[in-house]
$ cat target27.txt   # compact mmCIF, C-alpha atoms (C1' of nucleotides)
# COMPACT_ATOMS: atom_id res chain seq x y z
CA MET I 26 2.86 10.37 3.90
CA LEU I 27 1.84 11.31 0.42
CA SER I 28 0.79 7.92 -0.72
CA LEU I 29 -2.08 5.53 -0.98
CA SER I 30 -2.33 2.86 1.65
CA GLN I 31 -0.37 -0.32 1.12
CA THR I 32 -3.66 -2.17 0.82
CA THR I 33 -4.86 0.00 -2.05
CA GLY I 34 -1.60 -0.55 -3.86
CA TYR I 35 -2.00 -4.28 -3.41
CA ALA I 36 -5.54 -4.11 -4.76
CA ILE I 37 -4.44 -2.20 -7.85
CA GLN I 38 -1.80 -4.84 -8.46
CA ALA I 39 -4.31 -7.64 -8.09
CA LEU I 40 -6.83 -6.01 -10.40
CA GLY I 41 -4.03 -5.35 -12.88
CA CYS I 42 -3.07 -9.00 -12.88
CA LEU I 43 -6.66 -10.03 -13.51
CA ALA I 44 -7.02 -7.44 -16.24
CA ARG I 45 -4.01 -8.72 -18.12
CA CYS I 46 -5.09 -12.29 -18.09
CA GLY I 47 -8.45 -12.68 -19.71
CA GLU I 48 -11.91 -13.77 -18.71
CA GLU I 49 -11.03 -17.03 -16.98
CA TRP I 50 -11.18 -17.60 -13.25
CA HIS I 51 -7.84 -17.03 -11.57
CA LEU I 52 -6.80 -18.44 -8.23
CA ALA I 53 -5.87 -16.18 -5.37
CA LYS I 54 -2.67 -18.16 -5.12
CA ASP I 55 -1.73 -17.45 -8.73
CA ILE I 56 -2.45 -13.77 -8.34
CA ALA I 57 -0.28 -13.70 -5.25
CA ASP I 58 2.57 -15.39 -7.08
CA CYS I 59 2.40 -12.75 -9.78
CA SER I 60 2.47 -9.80 -7.42
CA ASP I 61 4.27 -8.55 -4.36
CA VAL I 62 1.27 -9.33 -2.17
CA PRO I 63 1.39 -11.97 0.57
CA LEU I 64 -1.27 -14.61 -0.17
CA PRO I 65 -3.30 -14.54 3.05
CA TYR I 66 -3.57 -10.79 2.92
CA LEU I 67 -4.41 -10.85 -0.76
CA GLN I 68 -7.28 -13.20 -0.02
CA LYS I 69 -8.67 -10.69 2.39
CA ILE I 70 -8.33 -7.89 -0.14
CA LEU I 71 -9.92 -9.92 -2.91
CA HIS I 72 -12.76 -10.63 -0.57
CA THR I 73 -13.27 -6.91 -0.01
CA LEU I 74 -13.08 -6.25 -3.74
CA ARG I 75 -15.82 -8.78 -4.22
CA VAL I 76 -18.03 -7.18 -1.56
CA VAL I 77 -17.69 -3.77 -3.17
CA GLY I 78 -18.41 -5.31 -6.55
CA LEU I 79 -15.12 -4.94 -8.41
CA VAL I 80 -14.44 -8.65 -8.77
CA GLU I 81 -16.51 -11.79 -8.89
CA ALA I 82 -15.60 -14.93 -6.99
CA LYS I 83 -16.35 -18.58 -7.49
CA ARG I 84 -15.70 -21.22 -4.87
CA GLY I 85 -14.68 -24.81 -5.27
CA TYR I 86 -12.80 -26.70 -7.91
CA ARG I 87 -11.74 -24.52 -10.80
CA GLY I 88 -13.05 -21.50 -9.01
CA GLY I 89 -11.21 -18.24 -8.46
CA PHE I 90 -11.65 -14.57 -9.21
CA LYS I 91 -12.29 -12.41 -12.23
CA LEU I 92 -13.12 -8.81 -13.00
CA VAL I 93 -16.74 -7.74 -13.09
CA LYS I 94 -16.14 -4.98 -15.62
CA PRO I 95 -13.31 -4.19 -18.06
CA ALA I 96 -10.17 -2.67 -16.61
CA GLU I 97 -10.69 0.41 -18.77
CA GLU I 98 -13.71 1.23 -16.63
CA ILE I 99 -12.03 0.87 -13.24
CA SER I 100 -10.42 4.10 -12.10
CA LEU I 101 -7.69 4.03 -9.51
CA LEU I 102 -9.72 6.46 -7.45
CA GLU I 103 -12.54 3.97 -7.36
CA VAL I 104 -10.23 1.31 -5.98
CA ALA I 105 -8.77 3.66 -3.43
CA GLN I 106 -12.17 4.78 -2.23
CA CYS I 107 -13.17 1.20 -1.54
CA LEU I 108 -10.13 0.46 0.58
CA ASP I 109 -8.82 3.73 1.91
CA PRO I 110 -11.30 5.46 4.22
CA GLU I 111 -9.11 8.55 4.47
CA ILE I 112 -9.63 9.25 0.79
CA ARG I 113 -13.30 9.80 1.41
CA GLU I 114 -12.84 11.84 4.55
CA PRO I 115 -9.54 13.65 4.28
CA ARG I 116 -7.82 14.77 7.42
CA CYS I 117 -6.69 18.35 7.92
CA LEU I 118 -3.01 18.58 7.05
CA LEU I 119 -2.25 20.21 10.39
CA GLY I 120 -4.60 17.98 12.33
CA PHE I 121 -7.22 20.60 13.17
CA ARG I 122 -10.48 19.00 14.04
CA ALA I 123 -12.65 21.83 12.74
CA CYS I 124 -10.77 22.57 9.54
CA SER I 125 -13.02 23.15 6.51
CA ASP I 126 -13.45 25.52 3.60
CA GLU I 127 -15.28 27.94 5.89
CA SER I 128 -12.95 27.62 8.86
CA ALA I 129 -9.65 26.84 7.23
CA CYS I 130 -6.33 26.06 8.84
CA SER I 131 -3.38 28.01 7.58
CA MET I 132 -2.37 25.39 5.07
CA HIS I 133 -5.84 24.64 3.82
CA HIS I 134 -5.72 26.98 0.85
CA PHE I 135 -2.46 25.49 -0.28
CA TRP I 136 -3.35 21.92 0.34
CA GLU I 137 -6.96 21.60 -0.76
CA PRO I 138 -6.29 22.35 -4.47
CA GLU I 139 -3.32 19.98 -4.45
CA ARG I 140 -5.45 17.27 -2.99
CA ARG I 141 -8.22 17.75 -5.51
CA ARG I 142 -5.75 17.75 -8.34
CA LEU I 143 -4.25 14.45 -7.25
CA LEU I 144 -7.65 12.88 -6.76
CA ALA I 145 -8.67 14.04 -10.22
CA GLU I 146 -5.51 12.42 -11.60
CA LEU I 147 -6.38 9.18 -9.86
CA GLY I 148 -9.92 9.46 -11.18
CA ARG I 149 -8.60 9.68 -14.71
CA MET I 150 -6.14 6.81 -14.49
CA THR I 151 -7.55 3.34 -14.98
CA VAL I 152 -6.38 -0.10 -14.03
CA ALA I 153 -5.94 -0.75 -17.75
CA GLU I 154 -3.38 2.04 -18.07
CA VAL I 155 -1.44 0.73 -15.13
CA VAL I 156 -1.37 -2.66 -16.78
CA ASP I 157 -0.22 -1.27 -20.09
CA SER I 158 2.67 0.57 -18.54
CA GLY I 159 4.19 -2.82 -17.93
CA ALA I 160 3.67 -5.13 -15.00
CA THR I 161 3.87 -8.84 -14.33
CA MET I 162 1.47 -11.49 -15.49
CA ILE I 163 -0.20 -13.80 -13.04
CA GLY I 164 1.71 -16.96 -12.49
CA HIS I 165 5.17 -15.89 -13.51
CA GLY I 166 6.46 -14.53 -10.27
CA GLU I 167 8.31 -11.54 -11.64
CA SER I 168 7.61 -9.68 -8.40
CA GLY I 169 5.32 -7.36 -10.25
CA LEU I 170 8.03 -5.17 -11.62
CA ALA I 171 8.39 -4.16 -15.20
CA ARG I 172 11.31 -6.32 -16.08
CA GLU I 173 11.72 -8.16 -19.33
CA ASN I 174 8.54 -9.05 -21.19
CA GLN I 175 5.16 -9.45 -19.62
CA PRO I 176 4.45 -12.92 -18.28
CA ARG I 177 0.96 -14.41 -18.23
CA ILE I 178 -1.26 -16.09 -15.71
CA ALA I 179 -0.09 -19.43 -14.40
CA GLU I 180 -1.33 -22.28 -16.51
CA GLY I 181 -0.13 -24.76 -13.94
CA ARG I 182 -3.68 -25.87 -13.63
CA THR I 183 -3.48 -27.54 -17.06
CA GLU I 184 -0.95 -29.95 -15.59
CA ARG I 185 -3.64 -31.38 -13.40
CA ALA I 186 -5.06 -33.14 -16.46
CA HIS I 187 -8.54 -31.73 -16.42
CA THR I 188 -10.98 -31.97 -19.34
CA MET R 153 -3.52 9.16 2.52
CA LEU R 154 -2.12 12.23 0.86
CA SER R 155 -1.14 14.07 3.95
CA LEU R 156 1.62 14.72 6.40
CA SER R 157 1.50 12.77 9.60
CA GLN R 158 -0.56 14.14 12.44
CA THR R 159 2.64 14.64 14.40
CA THR R 160 4.16 16.86 11.72
CA GLY R 161 1.02 18.96 11.62
CA TYR R 162 1.20 19.34 15.38
CA ALA R 163 4.82 20.39 15.15
CA ILE R 164 4.06 23.03 12.54
CA GLN R 165 1.34 24.38 14.79
CA ALA R 166 3.64 24.52 17.76
CA LEU R 167 6.42 26.25 15.84
CA GLY R 168 3.86 28.65 14.44
CA CYS R 169 2.70 29.55 17.93
CA LEU R 170 6.26 30.18 19.04
CA ALA R 171 6.95 32.23 15.92
CA ARG R 172 4.03 34.54 16.54
CA CYS R 173 4.91 35.25 20.11
CA GLY R 174 8.36 36.71 20.37
CA GLU R 175 11.64 35.79 21.89
CA GLU R 176 10.51 34.89 25.39
CA TRP R 177 10.32 31.38 26.79
CA HIS R 178 6.91 29.82 26.38
CA LEU R 179 5.57 26.93 28.43
CA ALA R 180 4.55 23.70 26.79
CA LYS R 181 1.25 24.10 28.56
CA ASP R 182 0.60 27.51 27.00
CA ILE R 183 1.49 26.25 23.55
CA ALA R 184 -0.89 23.35 24.04
CA ASP R 185 -3.70 25.67 25.07
CA CYS R 186 -3.20 27.69 21.92
CA SER R 187 -3.27 24.72 19.58
CA ASP R 188 -5.22 21.58 18.93
CA VAL R 189 -2.42 19.46 20.38
CA PRO R 190 -2.88 17.40 23.55
CA LEU R 191 -0.32 18.56 26.12
CA PRO R 192 1.48 15.29 26.91
CA TYR R 193 1.95 14.55 23.26
CA LEU R 194 3.04 18.09 22.54
CA GLN R 195 5.72 17.73 25.19
CA LYS R 196 7.04 14.73 23.35
CA ILE R 197 7.04 16.59 20.05
CA LEU R 198 8.74 19.64 21.53
CA HIS R 199 11.36 17.36 22.93
CA THR R 200 12.02 15.95 19.47
CA LEU R 201 12.13 19.43 17.98
CA ARG R 202 14.78 20.31 20.53
CA VAL R 203 16.85 17.24 19.71
CA VAL R 204 16.81 18.07 15.99
CA GLY R 205 17.68 21.66 16.80
CA LEU R 206 14.58 23.56 15.80
CA VAL R 207 13.73 24.80 19.28
CA GLU R 208 15.64 25.52 22.44
CA ALA R 209 14.44 24.43 25.87
CA LYS R 210 15.02 25.71 29.36
CA ARG R 211 14.07 23.78 32.44
CA GLY R 212 12.91 25.05 35.82
CA TYR R 213 11.09 28.12 36.97
CA ARG R 214 10.38 30.52 34.11
CA GLY R 215 11.69 28.00 31.65
CA GLY R 216 9.99 26.88 28.47
CA PHE R 217 10.67 26.74 24.76
CA LYS R 218 11.64 29.14 22.03
CA LEU R 219 12.72 29.03 18.41
CA VAL R 220 16.38 28.66 17.60
CA LYS R 221 16.11 30.52 14.30
CA PRO R 222 13.53 32.86 12.79
CA ALA R 223 10.37 31.28 11.41
CA GLU R 224 11.21 32.65 7.97
CA GLU R 225 14.11 30.21 7.86
CA ILE R 226 12.17 27.10 8.86
CA SER R 227 10.66 25.34 5.88
CA LEU R 228 7.74 23.00 6.32
CA LEU R 229 9.75 20.33 4.57
CA GLU R 230 12.42 20.65 7.21
CA VAL R 231 9.87 20.06 9.94
CA ALA R 232 8.35 17.13 8.13
CA GLN R 233 11.70 15.51 7.53
CA CYS R 234 12.45 15.60 11.24
CA LEU R 235 9.24 13.87 12.24
CA ASP R 236 8.02 11.90 9.27
CA PRO R 237 10.41 9.13 8.30
CA GLU R 238 8.38 8.28 5.21
CA ILE R 239 9.21 11.68 3.73
CA ARG R 240 12.85 10.72 3.62
CA GLU R 241 12.28 7.21 2.36
CA PRO R 242 9.12 7.25 0.30
CA ARG R 243 7.27 4.01 -0.18
CA CYS R 244 6.30 2.76 -3.62
CA LEU R 245 2.71 3.74 -4.29
CA LEU R 246 1.82 0.17 -5.16
CA GLY R 247 3.89 -1.32 -2.40
CA PHE R 248 6.59 -2.90 -4.56
CA ARG R 249 9.70 -3.54 -2.57
CA ALA R 250 12.11 -3.05 -5.43
CA CYS R 251 10.50 -0.02 -7.05
CA SER R 252 12.97 2.67 -8.13
CA ASP R 253 13.76 4.91 -11.08
CA GLU R 254 15.56 2.02 -12.74
CA SER R 255 13.01 -0.65 -11.94
CA ALA R 256 9.79 1.30 -11.81
CA CYS R 257 6.32 0.11 -10.91
CA SER R 258 3.57 1.01 -13.31
CA MET R 259 2.62 4.12 -11.39
CA HIS R 260 6.12 5.32 -10.72
CA HIS R 261 6.35 7.67 -13.66
CA PHE R 262 3.10 9.30 -12.72
CA TRP R 263 3.73 9.48 -9.04
CA GLU R 264 7.37 10.44 -8.75
CA PRO R 265 7.01 13.89 -10.38
CA GLU R 266 3.91 14.59 -8.30
CA ARG R 267 5.79 13.71 -5.16
CA ARG R 268 8.75 15.89 -6.04
CA ARG R 269 6.49 18.78 -6.85
CA LEU R 270 4.74 18.57 -3.50
CA LEU R 271 8.01 18.27 -1.64
CA ALA R 272 9.31 21.32 -3.49
CA GLU R 273 6.18 23.23 -2.43
CA LEU R 274 6.78 22.22 1.16
CA GLY R 275 10.38 23.24 0.83
CA ARG R 276 9.34 26.70 -0.29
CA MET R 277 6.72 27.29 2.39
CA THR R 278 7.96 28.47 5.75
CA VAL R 279 6.55 28.42 9.23
CA ALA R 280 6.36 32.21 9.00
CA GLU R 281 3.97 32.02 6.05
CA VAL R 282 1.76 29.58 7.84
CA VAL R 283 1.64 31.96 10.75
CA ASP R 284 0.83 34.93 8.56
CA SER R 285 -2.05 33.17 6.92
CA GLY R 286 -3.79 33.44 10.24
CA ALA R 287 -3.61 31.07 13.17
CA THR R 288 -4.07 31.30 16.89
CA MET R 289 -1.77 32.91 19.41
CA ILE R 290 -0.41 30.93 22.30
CA GLY R 291 -2.57 31.23 25.36
CA HIS R 292 -5.86 32.19 23.83
CA GLY R 293 -7.31 28.81 23.15
CA GLU R 294 -8.85 29.55 19.79
CA SER R 295 -8.30 25.94 18.76
CA GLY R 296 -5.75 27.09 16.27
CA LEU R 297 -8.20 28.09 13.59
CA ALA R 298 -8.23 31.36 11.76
CA ARG R 299 -11.18 32.89 13.48
CA GLU R 300 -11.46 36.53 14.53
CA ASN R 301 -8.18 38.32 15.21
CA GLN R 302 -4.97 36.67 16.23
CA PRO R 303 -4.61 36.15 19.97
CA ARG R 304 -1.25 36.22 21.72
CA ILE R 305 0.70 34.02 24.08
CA ALA R 306 -0.76 33.55 27.53
CA GLU R 307 0.53 36.17 29.91
CA GLY R 308 -0.92 34.29 32.86
CA ARG R 309 2.59 34.12 34.21
CA THR R 310 2.55 37.86 34.93
CA GLU R 311 -0.14 37.23 37.52
CA ARG R 312 2.37 35.32 39.55
CA ALA R 313 3.97 38.62 40.53
CA HIS R 314 7.45 37.89 39.35
CA THR R 315 10.14 40.52 38.69
C1' DA T 170 19.38 25.32 51.43
C1' DA T 171 14.57 24.46 50.65
C1' DA T 172 10.72 24.93 47.78
C1' DA T 173 8.46 25.56 43.53
C1' DT T 174 8.48 25.22 38.70
C1' DT T 175 9.19 23.01 34.43
C1' DG T 176 11.38 20.17 30.88
C1' DA T 177 13.58 15.22 30.29
C1' DG T 178 12.76 10.87 29.24
C1' DG T 179 11.26 6.35 29.86
C1' DA T 180 7.22 3.09 30.72
C1' DC T 181 3.00 2.16 29.22
C1' DC T 182 -1.61 2.19 26.88
C1' DT T 183 -4.72 2.11 22.62
C1' DA T 184 -6.38 1.76 17.91
C1' DG T 185 -5.77 0.65 13.35
C1' DA T 186 -3.11 -1.29 9.35
C1' DG T 187 -0.92 -5.03 7.79
C1' DA T 188 -0.60 -9.88 7.96
C1' DT T 189 -1.48 -14.87 9.28
C1' DC T 190 -4.21 -18.97 10.28
C1' DC T 191 -7.81 -22.09 10.25
C1' DA T 192 -12.40 -24.38 10.41
C1' DG T 193 -16.28 -24.27 7.33
C1' DA T 194 -19.16 -23.74 3.25
C1' DA T 195 -19.80 -24.03 -1.73
C1' DA T 196 -18.84 -26.10 -6.07
C1' DG T 197 -16.90 -29.32 -9.37
C1' DT T 198 -15.06 -34.28 -10.18
C1' DG T 199 -15.27 -39.14 -10.44
C1' DC C 17 -22.13 -39.64 -2.56
C1' DA C 18 -17.43 -39.03 -1.23
C1' DC C 19 -13.52 -36.26 -2.30
C1' DT C 20 -10.99 -32.44 -3.61
C1' DT C 21 -10.57 -27.73 -4.51
C1' DT C 22 -11.08 -23.01 -3.40
C1' DC C 23 -13.25 -19.11 -1.49
C1' DT C 24 -15.43 -17.41 3.21
C1' DG C 25 -14.99 -15.08 7.21
C1' DG C 26 -13.76 -14.67 11.75
C1' DA C 27 -9.96 -15.05 15.39
C1' DT C 28 -5.62 -13.67 16.24
C1' DC C 29 -0.93 -11.71 15.97
C1' DT C 30 2.43 -7.82 15.27
C1' DC C 31 3.98 -3.28 14.55
C1' DT C 32 3.62 1.61 14.53
C1' DA C 33 1.53 6.21 15.36
C1' DG C 34 -0.70 8.62 18.52
C1' DG C 35 -1.34 9.55 23.24
C1' DT C 36 -0.87 9.35 28.56
C1' DC C 37 1.55 9.13 32.93
C1' DC C 38 5.00 9.40 36.26
C1' DT C 39 9.50 10.09 38.30
C1' DC C 40 13.81 12.53 37.84
C1' DA C 41 16.77 16.43 36.98
C1' DA C 42 17.65 21.28 36.22
C1' DT C 43 16.77 25.98 37.30
C1' DT C 44 14.98 29.94 39.64
C1' DT C 45 12.99 32.08 43.72
C1' DT C 46 12.90 33.02 48.56

$ encode --input "target27.txt" --output "structure tokens"
Amino acid sequence: MLSLSQTTGYAIQALGCLARCGEEWHLAKDIADCSDVPLPYLQKILHTLRVVGLVEAKRGYRGGFKLVKPAEEISLLEVAQCLDPEIREPRCLLGFRACSDESACSMHHFWEPERRRLLAELGRMTVAEVVDSGATMIGHGESGLARENQPRIAEGRTERAHT
Amino acid sequence: MLSLSQTTGYAIQALGCLARCGEEWHLAKDIADCSDVPLPYLQKILHTLRVVGLVEAKRGYRGGFKLVKPAEEISLLEVAQCLDPEIREPRCLLGFRACSDESACSMHHFWEPERRRLLAELGRMTVAEVVDSGATMIGHGESGLARENQPRIAEGRTERAHT
DNA sequence: AAAATTGAGGACCTAGAGATCCAGAAAGTG
DNA sequence: CACTTTCTGGATCTCTAGGTCCTCAATTTT
């Protein structure tokens, strides 16, 4: 209750990781290491984010994911709307099927303004802000929490002697 | 997202119906008819409400349910806490396992005050207020919405020529 | 005491979210 | 071209909320 879905949270984390770490392609695996998101599930989420046009994907050697637009232009609401169907079609707080502005349940007049206010908040906040408030960098496995300084994306790939 | 569980909404409806309709025993069936809650599930919820001490139950002929204390003394928060485990142990908005005031995720400082504010609201609102803002009376099948005037509990039982 | 009524409470079903796994396709490397 | 890497996308598993069903036990009526 009173929260975004787990999946949306995961997506915000993933986008945050990408935002912090430049224009390069980043592997799903590295993003997973940087966040609290299990890899297989993250892959699925990244896939969805690509379909809705928030990230770009490249397959094959030295492929990965990157943001399509700057993190300053991605609102949290936008992310939530892509992944959380209930955000688009909110349920009546009491579960009435026919609840609406015209035929309101007894909590509607309390709840509807609250809901709008929170959505507006989410519409104002961007992925960039979330990043700035201190999270983990891809590839440093800090579990995504704001501890110590901010690590960066895994450069493990350089060890593979490319170029 | 951003709502109480369906079950909590159902419970508030049921308590509201009981509140509106006096001290007598009311059948689960009549309460179901008055609300948008499917009978078998309502029975389960009423059972839980009895276990946590919000309603009293009586079995057998002319049994039913009634409130243990006046609706003015039942806060919505109280109801939610009985039925919605996530209210007691809120999840991190981003899904971090270790998120807390000390080790906060990047949305924690935005979300925590919002959450507290909403919980405080719910703590202030009572079942009595929800009733007063216009809902359906038990036994008149108005689907629980604030249409027309407020119907009362089914008196179908009187047809059975008791007394 | 027998019959009728009604909640108690456990077994069970269903859908969706969260999560995992794997064969296959695309892309770069040598 | 063969090989490796990495995303693709569908099948599948698990867990929980929501919901149904059925038998048992308690209580009142007659």

$ interface_residues --input "target27.txt" --of "chain T" --to "chain I" --cutoff "6 Å" --atoms "all atoms listed in the file" --output "list in words"
DA188, DA195, DA196 and DG197 of chain T

$ atom_distance --input "target27.txt" --atom1 "CA of Ser131 in chain I" --atom2 "CA of Val282 in chain R"
5.4 Å

$ atom_distance --input "target27.txt" --atom1 "CA of Glu266 in chain R" --atom2 "CA of Ile70 in chain I"
26.9 Å

$ interface_residues --input "target27.txt" --of "chain C" --to "chain R" --cutoff "9 Å" --atoms "all atoms listed in the file" --output "list in words"
DA33, DG34, DG35, DT36, DC37, DA42, DT43, DT44 and DT45 of chain C

$ closest_residue --input "target27.txt" --among "I:Ala145, I:Cys42, I:Cys124, I:Leu119" --to "chain R" --atoms "only C-alpha atoms"
I:Leu119

$ atom_distance --input "target27.txt" --atom1 "CA of Phe217 in chain R" --atom2 "CA of Phe121 in chain I"
22.2 Å

$ residues_around --input "target27.txt" --residues "Glu154 in chain I" --least-positions-apart "2" --cutoff "10 Å" --atoms "all atoms listed in the file" --output "VMD selection string"
(chain I and resid 41 96 to 97 99 to 101 149 to 152 156 to 159) or (chain R and resid 258 to 259)

$ residues_around --input "target27.txt" --residues "Ala57 in chain I" --least-positions-apart "2" --cutoff "9 Å" --atoms "all atoms listed in the file" --output "PyMOL selection string"
chain I and resi 39+52-55+59-65+67-68+163-164+166

$ closest_residue --input "target27.txt" --among "R:Pro222, R:Pro242, R:Gly205, R:Gly275" --to "chain I" --atoms "all atoms listed in the file"
R:Pro242

$ residues_around --input "target27.txt" --residues "Ala82 in chain I" --least-positions-apart "2" --cutoff "10 Å" --atoms "all atoms listed in the file" --output "list in words"
Trp50, His51, Leu52, Ala53, Leu71, His72, Leu74, Arg75, Val76, Val80, Arg84, Gly88, Gly89, Phe90, Lys91, Leu92 and Val93 of chain I; DT22 and DC23 of chain C

$ residues_around --input "target27.txt" --residues "Leu102 in chain I" --least-positions-apart "4" --cutoff "7 Å" --atoms "all atoms listed in the file" --output "list in words"
Gln106, Leu144, Leu147 and Gly148 of chain I

$ closest_residue --input "target27.txt" --among "I:Leu79, I:Cys107, I:Ile56, I:Cys117" --to "chain R" --atoms "only C-alpha atoms"
I:Cys117

$ closest_residue --input "target27.txt" --among "I:Glu127, I:Glu81, I:Gly120, I:Glu146" --to "chain R" --atoms "only C-alpha atoms"
I:Gly120

$ closest_residue --input "target27.txt" --among "T:DT175, T:DC181, T:DA170, T:DG199" --to "DA18 in chain C" --atoms "all atoms listed in the file"
T:DG199

$ residues_around --input "target27.txt" --residues "DA180 in chain T" --least-positions-apart "2" --cutoff "10 Å" --atoms "all atoms listed in the file" --output "PyMOL selection string"
(chain T and resi 178+182) or (chain C and resi 37-38)

$ closest_residue --input "target27.txt" --among "I:Pro138, I:Arg116, I:Thr73, I:Ala44" --to "chain R" --atoms "all atoms listed in the file"
I:Arg116

$ residues_near_point --input "target27.txt" --point "(-8.4, -17.0, 20.9)" --cutoff "12 Å" --atoms "only C-alpha atoms (C1' of nucleotides)" --output "list in words"
DC190 and DC191 of chain T; DG26, DA27, DT28 and DC29 of chain C
